[in-house]
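*Asks:* My questions will all concern the structure given below.
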Amino acid sequence: MDGKFGVFCADGAFVQRPWPELEECITVPVCEEFLTPEDGTGYKNLGLDIVEAGQYVYYECNDPNAILDDDSCRNYFPLLCMDTNQWATVEFDSNGTELIFPVNETFMFPKCRSQCTQFYIGRKDFKALDDTIEVRAGDIAEFVCDFGHFVSSTQV
């Protein structure tokens with residue numbers, strides 16, 4: 001949505017077509033003032049200038065393997081342009097019904113949490129208790145000593 005009218009070029013000439021009537025050029029509500037994620041949340045730049053009301057903007061995590069810390073298991077966060085520079089978050093209840101919540105002054109973007117994919121920690125005498133689990137930034141992965149060895153409780 002940029003307000004432009006396209007004319008098709010074919011065989012070295014523009015195809016003749018009727019121009020829109022002035023009544024067809026209408027003003028629609030748009031969002032031009034985008035919300036900016038807080039530093040350290042891990043989102044890509046949007047690269048957008050304007051969005052028509054009723055359209056979504058998708059803030060994506062920089063790390064393609066990251067997920068949001070909002071229990072959605074997504075790596076993007078959608079915001080809905082409701083009206084001129086008015087944003088809302090959208091959630092779905094257990095029946096799949098869309099729930100719209102206008103953004104207010106307390107709104108904060110969820111953080112992107114990177115995944116730890118390498119369970120080697122620089123020592124071969126310790127191994128991950130369960131290296132099949134998914135571990136995200138802020139989580140704790142448990143490691144154990146080699147079989148038959150234990151960590152002294154005074155050293156933990």
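Within each chain, counting starts at residue 1; across the structure tokens, chains are named A, B, ... in the order shown, with ligands numbered 1 upward in that order.
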At a cut-off of 7 Å, using only C-alpha atoms, what residues contact Asn62 (chain A)? Leave out same-chain residues fewer than 2 positions from it and give the result as a list in words.
*Replies:*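 So the residues in contact are Gly42, Tyr43, Lys44, Glu60 and Pro64 of chain A.
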*Asks:* Save the residues we just selected, N, CA and C atoms, as a PDB file, in the first residue's frame?
*Replies:*
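As written to disk, selection-v7.pdb reads:
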ATOM      1  N   GLY A  42      16.640  -8.675  20.811  1.00  0.00           N
ATOM      2  CA  GLY A  42      17.103  -9.570  19.756  1.00  0.00           C
ATOM      3  C   GLY A  42      16.290  -9.607  18.480  1.00  0.00           C
ATOM      4  N   TYR A  43      15.675  -8.506  18.082  1.00  0.00           N
ATOM      5  CA  TYR A  43      14.873  -8.480  16.862  1.00  0.00           C
ATOM      6  C   TYR A  43      15.627  -7.872  15.681  1.00  0.00           C
ATOM      7  N   LYS A  44      15.253  -8.297  14.459  1.00  0.00           N
ATOM      8  CA  LYS A  44      15.759  -7.702  13.224  1.00  0.00           C
ATOM      9  C   LYS A  44      15.091  -6.340  13.026  1.00  0.00           C
ATOM     10  N   GLU A  60      10.795 -10.129  13.706  1.00  0.00           N
ATOM     11  CA  GLU A  60      11.472 -11.426  13.711  1.00  0.00           C
ATOM     12  C   GLU A  60      12.731 -11.385  14.565  1.00  0.00           C
ATOM     13  N   PRO A  64      17.692 -17.206  13.789  1.00  0.00           N
ATOM     14  CA  PRO A  64      16.588 -18.026  13.279  1.00  0.00           C
ATOM     15  C   PRO A  64      16.237 -19.204  14.186  1.00  0.00           C
TER      16      PRO A  64
END
*Asks:* Any chance you could list, as a VMD selection string, the residues in region 14-120 of chain A that come up strand (DSSP E or B) when DSSP is run on the backbone?
*Replies:* chain A and resid 14 30 to 31 43 51 to 52 56 to 61 67 to 68 76 to 83 86 to 92 98 to 102 112 to 113 115 to 116
*Asks:* How would the residues just picked look written out with N, CA and C atoms as a CSV table (one decimal), in the first residue's frame?
*Replies:*
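File written: result_38.csv
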chain,number,residue,atom,x,y,z
A,14,PHE,N,3.7,1.4,-23.0
A,14,PHE,CA,2.8,1.2,-21.9
A,14,PHE,C,1.4,0.8,-22.4
A,30,VAL,N,-3.5,4.6,8.5
A,30,VAL,CA,-2.2,3.8,8.4
A,30,VAL,C,-1.4,4.0,9.7
A,31,CYS,N,-0.4,3.1,9.9
A,31,CYS,CA,0.5,3.2,10.9
A,31,CYS,C,1.9,3.5,10.3
A,43,TYR,N,15.7,-8.5,18.1
A,43,TYR,CA,14.9,-8.5,16.9
A,43,TYR,C,15.6,-7.9,15.7
A,51,VAL,N,2.1,0.9,7.1
A,51,VAL,CA,1.3,-0.2,7.0
A,51,VAL,C,-0.2,0.2,7.1
A,52,GLU,N,-1.0,-0.3,6.3
A,52,GLU,CA,-2.4,0.0,6.3
A,52,GLU,C,-3.1,-0.6,7.6
A,56,TYR,N,-0.9,-6.7,9.6
A,56,TYR,CA,0.1,-7.1,10.7
A,56,TYR,C,1.5,-6.7,10.3
A,57,VAL,N,2.3,-6.5,11.3
A,57,VAL,CA,3.7,-6.3,11.2
A,57,VAL,C,4.4,-7.4,12.0
A,58,TYR,N,5.4,-8.1,11.5
A,58,TYR,CA,6.0,-9.2,12.1
A,58,TYR,C,7.4,-8.8,12.5
A,59,TYR,N,7.7,-8.8,13.8
A,59,TYR,CA,9.0,-8.5,14.3
A,59,TYR,C,9.7,-9.9,14.4
A,60,GLU,N,10.8,-10.1,13.7
A,60,GLU,CA,11.5,-11.4,13.7
A,60,GLU,C,12.7,-11.4,14.6
A,61,CYS,N,13.0,-12.5,15.2
A,61,CYS,CA,14.3,-12.6,16.0
A,61,CYS,C,15.4,-12.6,15.0
A,67,ILE,N,13.6,-18.5,20.0
A,67,ILE,CA,12.1,-18.4,20.2
A,67,ILE,C,11.9,-17.4,21.2
A,68,LEU,N,10.6,-16.9,21.2
A,68,LEU,CA,10.2,-15.8,22.2
A,68,LEU,C,10.1,-16.4,23.6
A,76,TYR,N,8.9,-15.0,16.0
A,76,TYR,CA,8.5,-13.7,15.5
A,76,TYR,C,7.4,-13.2,16.4
A,77,PHE,N,7.2,-11.9,16.5
A,77,PHE,CA,6.1,-11.3,17.3
A,77,PHE,C,5.3,-10.4,16.4
A,78,PRO,N,4.0,-10.7,16.3
A,78,PRO,CA,3.1,-9.9,15.4
A,78,PRO,C,2.4,-8.8,16.2
A,79,LEU,N,2.3,-7.6,15.5
A,79,LEU,CA,1.5,-6.5,16.0
A,79,LEU,C,0.5,-6.1,14.9
A,80,LEU,N,-0.7,-5.8,15.3
A,80,LEU,CA,-1.7,-5.4,14.4
A,80,LEU,C,-1.9,-3.9,14.4
A,81,CYS,N,-1.9,-3.3,13.2
A,81,CYS,CA,-2.2,-1.9,13.0
A,81,CYS,C,-3.7,-1.7,13.1
A,82,MET,N,-4.2,-1.1,14.2
A,82,MET,CA,-5.6,-1.0,14.4
A,82,MET,C,-6.2,0.2,13.7
A,83,ASP,N,-5.6,1.3,13.8
A,83,ASP,CA,-6.0,2.6,13.3
A,83,ASP,C,-4.8,3.4,13.1
A,86,GLN,N,-2.1,3.3,15.9
A,86,GLN,CA,-2.6,2.5,17.1
A,86,GLN,C,-2.4,1.0,16.8
A,87,TRP,N,-1.6,0.4,17.8
A,87,TRP,CA,-1.2,-0.9,17.6
A,87,TRP,C,-1.9,-1.8,18.7
A,88,ALA,N,-2.0,-3.1,18.3
A,88,ALA,CA,-2.6,-4.1,19.3
A,88,ALA,C,-1.8,-5.4,19.2
A,89,THR,N,-1.8,-6.2,20.3
A,89,THR,CA,-1.3,-7.5,20.2
A,89,THR,C,-2.5,-8.5,20.0
A,90,VAL,N,-2.2,-9.6,19.4
A,90,VAL,CA,-3.3,-10.6,19.1
A,90,VAL,C,-2.9,-11.9,19.7
A,91,GLU,N,-3.8,-12.5,20.4
A,91,GLU,CA,-3.7,-13.8,21.0
A,91,GLU,C,-4.9,-14.7,20.6
A,92,PHE,N,-4.8,-16.0,20.7
A,92,PHE,CA,-5.9,-16.8,20.4
A,92,PHE,C,-6.2,-17.7,21.6
A,98,GLU,N,-9.8,-15.1,18.1
A,98,GLU,CA,-8.8,-14.1,18.1
A,98,GLU,C,-9.2,-13.1,19.2
A,99,LEU,N,-8.2,-12.8,20.1
A,99,LEU,CA,-8.3,-11.8,21.2
A,99,LEU,C,-7.4,-10.7,20.9
A,100,ILE,N,-7.9,-9.4,20.8
A,100,ILE,CA,-7.2,-8.3,20.5
A,100,ILE,C,-7.0,-7.4,21.7
A,101,PHE,N,-5.7,-7.0,22.0
A,101,PHE,CA,-5.4,-6.2,23.2
A,101,PHE,C,-4.6,-5.0,22.7
A,102,PRO,N,-5.3,-3.8,22.8
A,102,PRO,CA,-4.6,-2.5,22.4
A,102,PRO,C,-3.3,-2.4,23.2
A,112,CYS,N,13.8,-12.5,22.5
A,112,CYS,CA,14.2,-13.6,21.7
A,112,CYS,C,15.2,-14.4,22.5
A,113,ARG,N,15.0,-15.7,22.7
A,113,ARG,CA,15.9,-16.6,23.5
A,113,ARG,C,16.6,-17.5,22.6
A,115,GLN,N,19.1,-20.6,21.3
A,115,GLN,CA,19.2,-22.0,21.8
A,115,GLN,C,20.6,-22.4,21.9
A,116,CYS,N,21.0,-23.1,23.0
A,116,CYS,CA,22.3,-23.6,23.2
A,116,CYS,C,22.3,-25.0,22.4
*Asks:* May I ask for the distance between CA of Thr36 (chain A) and CA of Asp49 (chain A), given in Å to one decimal place?
*Replies:*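 Rounded to one decimal, the two atoms are 13.0 Å apart.
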*Asks:* How many Å separate CA of Glu33 (chain A) from CA of Asn85 (chain A)?
*Replies:*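 About the pair CA of Glu33 (chain A) and CA of Asn85 (chain A): they are 5.8 Å apart.
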